[in-house]
Structure formats: structure tokens, C-alpha cells
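Dropping run.tsv in here (TSV, C-alpha atoms):
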```
chain	number	residue	atom	x	y	z
Z	268	MET	CA	0.00	0.00	0.00
Z	269	LYS	CA	1.24	3.52	-0.75
Z	270	ILE	CA	0.37	7.19	-0.88
Z	271	GLU	CA	0.89	9.11	-4.07
Z	272	LYS	CA	1.31	12.52	-2.50
Z	273	ILE	CA	2.05	13.51	1.04
Z	274	ILE	CA	1.43	17.14	0.03
Z	275	SER	CA	-2.33	16.59	0.07
Z	276	ILE	CA	-2.16	15.85	3.80
Z	277	LEU	CA	0.06	18.88	4.38
Z	278	SER	CA	-2.43	21.16	2.66
Z	279	LEU	CA	-5.16	19.98	5.02
Z	280	GLY	CA	-3.26	20.81	8.15
Z	281	VAL	CA	-2.94	17.28	9.49
Z	282	VAL	CA	0.77	17.73	10.17
Z	283	GLY	CA	0.00	20.74	12.36
Z	284	LEU	CA	-2.23	18.57	14.49
Z	285	LEU	CA	0.39	15.87	14.79
Z	286	ILE	CA	3.10	18.29	15.84
Z	287	SER	CA	1.11	20.35	18.32
Z	288	GLY	CA	-0.92	17.50	19.75
Z	289	THR	CA	-3.79	19.93	20.35
Z	290	LEU	CA	-7.31	19.69	19.04
Z	291	GLY	CA	-10.08	22.00	17.95
Z	292	VAL	CA	-13.51	21.92	19.54
Z	293	GLY	CA	-15.59	18.89	18.63
Z	294	PHE	CA	-12.73	16.67	17.51
Z	295	SER	CA	-12.32	13.07	18.58
Z	296	GLU	CA	-9.93	10.31	17.64
Z	297	ILE	CA	-10.30	8.77	14.20
Z	298	VAL	CA	-8.14	7.01	11.63
Z	299	VAL	CA	-7.36	9.23	8.65
Z	300	PHE	CA	-6.18	7.82	5.34
Z	301	ALA	CA	-4.72	9.29	2.19
Z	302	GLN	CA	-5.96	7.43	-0.85
Z	303	ASN	CA	-4.81	7.49	-4.45
Z	304	LEU	CA	-7.00	6.86	-7.47
Z	305	THR	CA	-6.11	3.17	-7.63
Z	306	GLY	CA	-7.56	2.60	-4.19
Z	307	ASN	CA	-4.24	1.99	-2.43
Z	308	MET	CA	-4.26	3.27	1.13
Z	309	SER	CA	-1.79	4.12	3.81
Z	310	GLY	CA	-2.74	5.77	7.08
Z	311	THR	CA	-1.85	7.07	10.47
Z	312	ASN	CA	-3.74	7.67	13.70
Z	313	VAL	CA	-4.56	11.32	14.36
Z	314	THR	CA	-7.16	12.90	16.56
Z	315	GLN	CA	-9.99	14.41	14.58
Z	316	THR	CA	-13.45	13.72	13.22
Z	317	GLY	CA	-13.15	16.34	10.51
Z	318	VAL	CA	-10.44	18.11	8.64
Z	319	ASP	CA	-11.05	21.54	10.16
Z	320	SER	CA	-13.34	23.38	12.53
Z	321	SER	CA	-15.03	25.26	9.68
Z	322	GLY	CA	-17.02	22.13	8.83
Z	323	SER	CA	-15.60	21.62	5.34
Z	324	SER	CA	-15.70	17.92	6.07
Z	325	SER	CA	-17.15	16.07	9.05
Z	326	LEU	CA	-18.59	12.75	9.99
Z	327	ASN	CA	-22.02	14.17	9.19
Z	328	ASP	CA	-21.00	13.46	5.59
Z	329	LEU	CA	-20.32	9.82	6.44
Z	330	ILE	CA	-20.63	7.37	3.56
Z	331	ILE	CA	-21.74	3.80	4.23
Z	332	ASP	CA	-21.52	1.68	1.10
Z	333	HIS	CA	-23.41	-1.12	2.84
Z	334	ALA	CA	-24.18	-2.38	6.31
Z	335	GLY	CA	-26.44	-5.23	7.33
Z	336	GLY	CA	-27.18	-7.97	9.78
Z	337	VAL	CA	-29.94	-9.84	11.57
Z	338	PHE	CA	-32.35	-9.26	14.44
Z	339	SER	CA	-32.66	-11.64	17.36
Z	340	SER	CA	-34.68	-10.13	20.17
Z	341	LEU	CA	-37.41	-10.73	22.73
Z	342	GLN	CA	-40.23	-8.17	22.82
Z	343	THR	CA	-42.98	-7.71	25.41
Z	344	ASP	CA	-46.32	-6.25	24.29
Z	345	THR	CA	-48.83	-4.16	26.24
Z	346	ASP	CA	-50.50	-7.35	27.51
Z	347	ASN	CA	-47.15	-8.52	28.94
Z	348	GLN	CA	-46.91	-11.29	26.35
Z	349	THR	CA	-43.44	-12.23	25.08
Z	350	TRP	CA	-42.66	-12.36	21.36
Z	351	ILE	CA	-39.58	-13.61	19.52
Z	352	ALA	CA	-38.45	-11.06	16.93
Z	353	THR	CA	-36.10	-12.18	14.16
Z	354	GLY	CA	-35.29	-10.72	10.78
Z	355	THR	CA	-32.81	-8.86	8.61
Z	356	TRP	CA	-31.77	-5.29	7.94
Z	357	ASP	CA	-29.60	-3.44	5.46
Z	358	LEU	CA	-28.54	0.17	5.23
Z	359	VAL	CA	-26.75	2.43	2.76
Z	360	SER	CA	-25.86	6.06	3.48
Z	361	ASP	CA	-24.62	8.66	1.00
Z	362	PRO	CA	-25.26	12.29	2.01
Z	363	SER	CA	-24.74	13.44	-1.57
Z	364	ASN	CA	-28.06	11.79	-2.42
Z	365	ALA	CA	-29.86	14.30	-0.23
Z	366	THR	CA	-29.32	16.94	-2.90
Z	367	GLN	CA	-30.92	14.79	-5.57
Z	368	SER	CA	-34.63	14.92	-6.32
Z	369	ASN	CA	-36.75	12.16	-4.74
Z	370	SER	CA	-33.74	10.64	-3.03
Z	371	SER	CA	-32.80	10.06	0.60
Z	372	ALA	CA	-29.40	10.28	2.26
Z	373	VAL	CA	-30.09	6.99	4.06
Z	374	GLN	CA	-31.66	3.89	2.54
Z	375	LEU	CA	-32.91	1.56	5.29
Z	376	ASN	CA	-34.83	-1.67	4.76
Z	377	VAL	CA	-35.96	-3.92	7.61
Z	378	THR	CA	-37.89	-7.19	7.77
Z	379	ILE	CA	-38.94	-8.48	11.19
Z	380	ASP	CA	-40.83	-11.70	11.86
Z	381	THR	CA	-42.52	-11.95	15.27
Z	382	ARG	CA	-44.13	-14.98	16.89
Z	383	ARG	CA	-45.10	-16.12	20.34
Z	384	THR	CA	-42.71	-18.34	22.29
Z	385	ASP	CA	-45.08	-21.28	21.66
Z	386	ASN	CA	-44.62	-20.67	17.89
Z	387	SER	CA	-48.13	-19.27	17.46
Z	388	GLN	CA	-49.39	-16.08	15.77
Z	389	GLY	CA	-46.35	-15.61	13.57
Z	390	HIS	CA	-46.46	-12.60	11.27
Z	391	GLU	CA	-44.10	-10.32	9.34
Z	392	HIS	CA	-43.34	-6.59	9.45
Z	393	LYS	CA	-41.52	-4.51	6.87
Z	394	ILE	CA	-39.98	-1.11	7.45
Z	395	SER	CA	-39.16	1.01	4.40
Z	396	GLU	CA	-39.32	4.55	2.96
Z	397	PHE	CA	-37.03	5.86	5.68
Z	398	LYS	CA	-36.75	9.66	5.81
Z	399	LEU	CA	-33.78	10.98	7.75
Z	400	VAL	CA	-34.48	13.77	10.27
Z	401	ASN	CA	-31.15	13.96	12.09
Z	402	THR	CA	-28.09	11.90	12.83
Z	403	SER	CA	-25.47	11.57	15.57
Z	404	ILE	CA	-22.09	10.10	14.68
Z	405	GLY	CA	-19.12	9.49	16.94
Z	406	SER	CA	-15.92	7.61	16.22
Z	407	SER	CA	-12.77	6.74	18.15
Z	408	SER	CA	-10.00	4.19	17.95
Z	409	GLU	CA	-12.32	1.85	19.85
Z	410	GLY	CA	-15.13	1.98	17.31
Z	411	SER	CA	-18.14	3.92	16.10
Z	412	ASN	CA	-21.50	4.95	17.51
Z	413	ILE	CA	-23.97	5.96	14.80
Z	414	VAL	CA	-27.61	6.99	15.30
Z	415	PHE	CA	-30.09	7.73	12.52
Z	416	ASN	CA	-33.40	9.31	13.57
Z	417	GLY	CA	-36.28	9.71	11.17
Z	418	THR	CA	-39.63	8.39	10.02
Z	419	ALA	CA	-40.57	5.33	8.00
Z	420	SER	CA	-43.46	3.23	6.75
Z	421	VAL	CA	-44.19	0.14	8.86
Z	422	ASP	CA	-46.19	-2.59	7.11
Z	423	THR	CA	-47.84	-4.95	9.62
Z	424	ASP	CA	-50.35	-7.77	9.57
Z	425	VAL	CA	-53.14	-5.31	10.38
Z	426	GLY	CA	-52.20	-2.57	7.95
Z	427	LEU	CA	-49.69	0.07	6.96
Z	428	TYR	CA	-48.49	2.80	9.33
Z	429	SER	CA	-46.99	5.85	7.64
Z	430	ASP	CA	-44.51	8.43	8.93
Z	431	VAL	CA	-43.70	6.43	12.05
Z	432	PRO	CA	-40.81	7.90	14.09
Z	433	ILE	CA	-37.95	5.41	14.45
Z	434	SER	CA	-34.41	5.51	15.81
Z	435	PHE	CA	-31.72	3.19	14.47
Z	436	ARG	CA	-28.51	2.91	16.49
Z	437	ILE	CA	-25.30	1.12	15.48
Z	438	ILE	CA	-22.47	0.37	17.93
Z	439	ASP	CA	-19.55	-1.15	16.03
Z	440	GLU	CA	-15.90	-1.96	16.67
Z	441	ALA	CA	-14.68	-0.34	13.44
Z	442	PRO	CA	-13.77	3.38	13.46
Z	443	ALA	CA	-14.66	5.78	10.68
Z	444	ILE	CA	-12.03	6.45	8.04
Z	445	VAL	CA	-11.45	9.68	6.15
Z	446	SER	CA	-10.14	8.85	2.69
Z	447	ILE	CA	-8.43	11.61	0.74
Z	448	ASP	CA	-8.13	11.65	-3.05
Z	449	THR	CA	-4.56	12.86	-3.56
Z	450	GLN	CA	-5.32	14.46	-6.93
Z	451	THR	CA	-8.48	16.37	-6.01
Z	452	ASN	CA	-8.08	16.59	-2.21
Z	453	GLU	CA	-11.69	15.44	-1.97
Z	454	ILE	CA	-12.42	14.13	1.50
Z	455	LYS	CA	-14.79	11.21	2.02
Z	456	PRO	CA	-15.55	10.12	5.58
Z	457	GLN	CA	-16.49	6.44	5.39
Z	458	TRP	CA	-17.41	3.65	7.75
Z	459	VAL	CA	-17.09	-0.08	6.94
Z	460	PRO	CA	-18.69	-2.40	9.53
Z	461	GLY	CA	-16.31	-4.39	11.69
Z	462	GLY	CA	-18.97	-6.21	13.71
Z	463	GLY	CA	-21.23	-4.93	16.45
Z	464	THR	CA	-24.79	-4.48	17.65
Z	465	ILE	CA	-27.83	-2.53	16.50
Z	466	SER	CA	-31.02	-1.41	18.19
Z	467	LEU	CA	-34.20	-0.27	16.46
Z	468	LEU	CA	-36.70	1.76	18.49
Z	469	ILE	CA	-40.12	2.17	16.89
Z	470	ASP	CA	-42.68	4.74	18.02
Z	471	GLU	CA	-45.32	3.61	20.50
Z	472	ARG	CA	-48.11	3.97	17.94
Z	473	VAL	CA	-47.15	0.48	16.78
Z	474	GLN	CA	-46.03	-0.80	20.20
Z	475	ASP	CA	-48.55	-3.66	20.08
Z	476	HIS	CA	-46.26	-5.12	17.43
Z	477	PHE	CA	-42.87	-4.45	19.02
Z	478	GLY	CA	-43.46	-3.42	22.63
Z	479	ASN	CA	-41.88	-0.30	24.11
Z	480	THR	CA	-38.25	-1.45	24.00
Z	481	PRO	CA	-35.83	-1.53	21.04
Z	482	VAL	CA	-35.53	-4.56	18.78
Z	483	TYR	CA	-31.92	-5.75	19.01
Z	484	GLY	CA	-29.66	-7.42	16.48
Z	485	ASN	CA	-26.13	-7.59	15.16
Z	486	VAL	CA	-23.95	-5.82	12.63
Z	487	ARG	CA	-22.29	-8.14	10.12
Z	488	LYS	CA	-18.60	-7.53	9.42
Z	489	GLU	CA	-18.14	-6.46	5.80
```
Could you take the file, read its structure, and then write that structure out as C-alpha cells?
Amino acid sequence: MKIEKIISILSLGVVGLLISGTLGVGFSEIVVFAQNLTGNMSGTNVTQTGVDSSGSSSLNDLIIDHAGGVFSSLQTDTDNQTWIATGTWDLVSDPSNATQSNSSAVQLNVTIDTRRTDNSQGHEHKISEFKLVNTSIGSSSEGSNIVFNGTASVDTDVGLYSDVPISFRIIDEAPAIVSIDTQTNEIKPQWVPGGGTISLLIDERVQDHFGNTPVYGNVRKE
């Protein structure tokens, strides 16, 4: 692995951070990479979540090419009955899509099958048409904590619920990476799953289907 040009890092002030050892407000530890056009990478640990405090690049612009996994959770409904919730999820995030017509920055698709512990009353739920409202992203050398809040459509056995508030949280062992194109100096914060857990909290308007606690699952290592 190699870097074509060290000068691209110099122009972004990374060396100043390494020498001084001091940080601007809102910075936390992350792995930063310089990347050439052939995809070769070489990196070093520095302490920042963005390139500068002016916001020219931050983890709010995080790109997730793909993340996915399965659900395996126990849910309790309003009648204190226990349900087994299993299923799958997948997510793609590209903030540049938010500027495109009829497109969302985050594409989230969820399928959850629930059934009683005696294997009765099994039925399926689908969550789609996610609309991002806000996000919270943190990253350190120990991993990432990513939360997407928004609304979605929830298709159940008794009908479709629209614009349901949901919160999707990922806790993963892989840190975010800032890749730098050495010819254009374009900065692309990116996260590739290293394995972790997820929790999906769905608004109480459909709590008879999921209870009032999150549905838990895992994050598959990519």
C-alpha cells in the first residue's frame, strides 16, 4: 500500500495537528487515510473527526456503502406477552443523495418476523421509505456509535403505518475512516462495519407489534 502525494495531507493541516498534539472543539480520535485513485491506502492515527473546525468535512457526511445484519430479540407487548423477533436489515448512506430529487441520504430496509414463544401467531413486518431527520455520529480508535433518527413506513399484519418515528442505532468496533483523493483533495468520511450491535426503536403507535423497547440485532462484518 502507498500514498501518491504527502502534500495533500500537508495542505489539510494534518501535520500541524500531529506536531502540536492539540485539538479543535468537537474533535475526537479517528483514523485518517490518504488514498490514491487506484484505491491503495496508507494511514496514520490522528485525533480528529473532521479536517477543520469550519465544517468543510465532518462525519455528518459519512458514507456507508453497505451495512447489514440480523435481528434476534425478545419483545414484550402491552399485555405482557413475550414475542420472539427475528429478521434482517440493510442500510446504505450517502449524504450526496440528499441533494438529488426524490432521493434520501439513508436507505434503510428492515424485515422483522414476530411470533409467540409457543410458535403461534407468527407474522411479518416490513420497514421502508425511511426519511432521515437527524443523525449523531461518533468515532474513536475503539469503534463507532452511529444513530439515525427519522420516520418510516411500517407494514404490519393489520395494515400500513406511515410516517412512524424510528431511531436506528449502530455500535460497532470499526472506526470511521477519512479517505483523501490525492489528486483532487476530496475528503470522504467512510465507515465499513467491523462487527457490532444494533437497536431499532419504533414509536409507540405500533407498540402492540414491538413493545416499548428496542428490537436488538447484530452488525455483520463487511
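The nearest approach to Ile444 in chain Z among the residues Z:Val459, Z:Val421, Z:Ala352, Z:Val473, with all atoms listed in the file taken into account, belongs to Z:Val459.
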Just want the 8 Å neighbourhood of Ser466 in chain Z, counted on only C-alpha atoms, with same-chain residues fewer than 3 positions away dropped. Output as a compact mmCIF listing (two decimals) with C-alpha atoms, in the frame of the given file.
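Wrote selection11.txt, looks like this:
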```txt
# COMPACT_ATOMS: atom_id res chain seq x y z
CA PHE Z 435 -31.72 3.19 14.47
CA ARG Z 436 -28.51 2.91 16.49
CA ILE Z 437 -25.30 1.12 15.48
CA PRO Z 481 -35.83 -1.53 21.04
CA VAL Z 482 -35.53 -4.56 18.78
CA TYR Z 483 -31.92 -5.75 19.01
CA GLY Z 484 -29.66 -7.42 16.48
```
### Task
Tell me which of Z:Gln450, Z:Asn401, Z:Gln457, Z:Ser339 sits closest to Ser434 in chain Z, counting only C-alpha atoms.
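Looking at the shortest contact to Ser434 in chain Z, the residue is Z:Asn401.
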### Task
Go through Z:Ser411, Z:Gln374, Z:Asn386, Z:Ser360 one by one, measure the shortest atom-to-atom distance of each to Lys398 in chain Z using only C-alpha atoms, and give the residue with the smallest value.
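For Lys398 in chain Z, the nearest of the candidates is Z:Gln374.
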### Message
Ranking Z:Val373, Z:Leu326, Z:Val431, Z:Ile447 by minimum distance to Asn412 in chain Z and counting all atoms listed in the file, which one comes first?
### Response
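For Asn412 in chain Z, the nearest of the candidates is Z:Leu326.
Take the candidates Z:Gly426, Z:Gly336, Z:Gly417, Z:Gly405 and check each one against Glu489 in chain Z using all atoms listed in the file; the shortest distance goes to Z:Gly336.
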### Task
Might you pull out every residue within 9 Å of Thr384 in chain Z, with all atoms listed in the file counted and same-chain residues fewer than 4 positions away left off, and present them as a PyMOL selection string?
chain Z and resi 349-351
Can you spit out the residues from that selection as a compact mmCIF listing (two decimals), in the frame of the given file, using C-alpha atoms?
```txt
# COMPACT_ATOMS: atom_id res chain seq x y z
CA THR Z 349 -43.44 -12.23 25.08
CA TRP Z 350 -42.66 -12.36 21.36
CA ILE Z 351 -39.58 -13.61 19.52
```
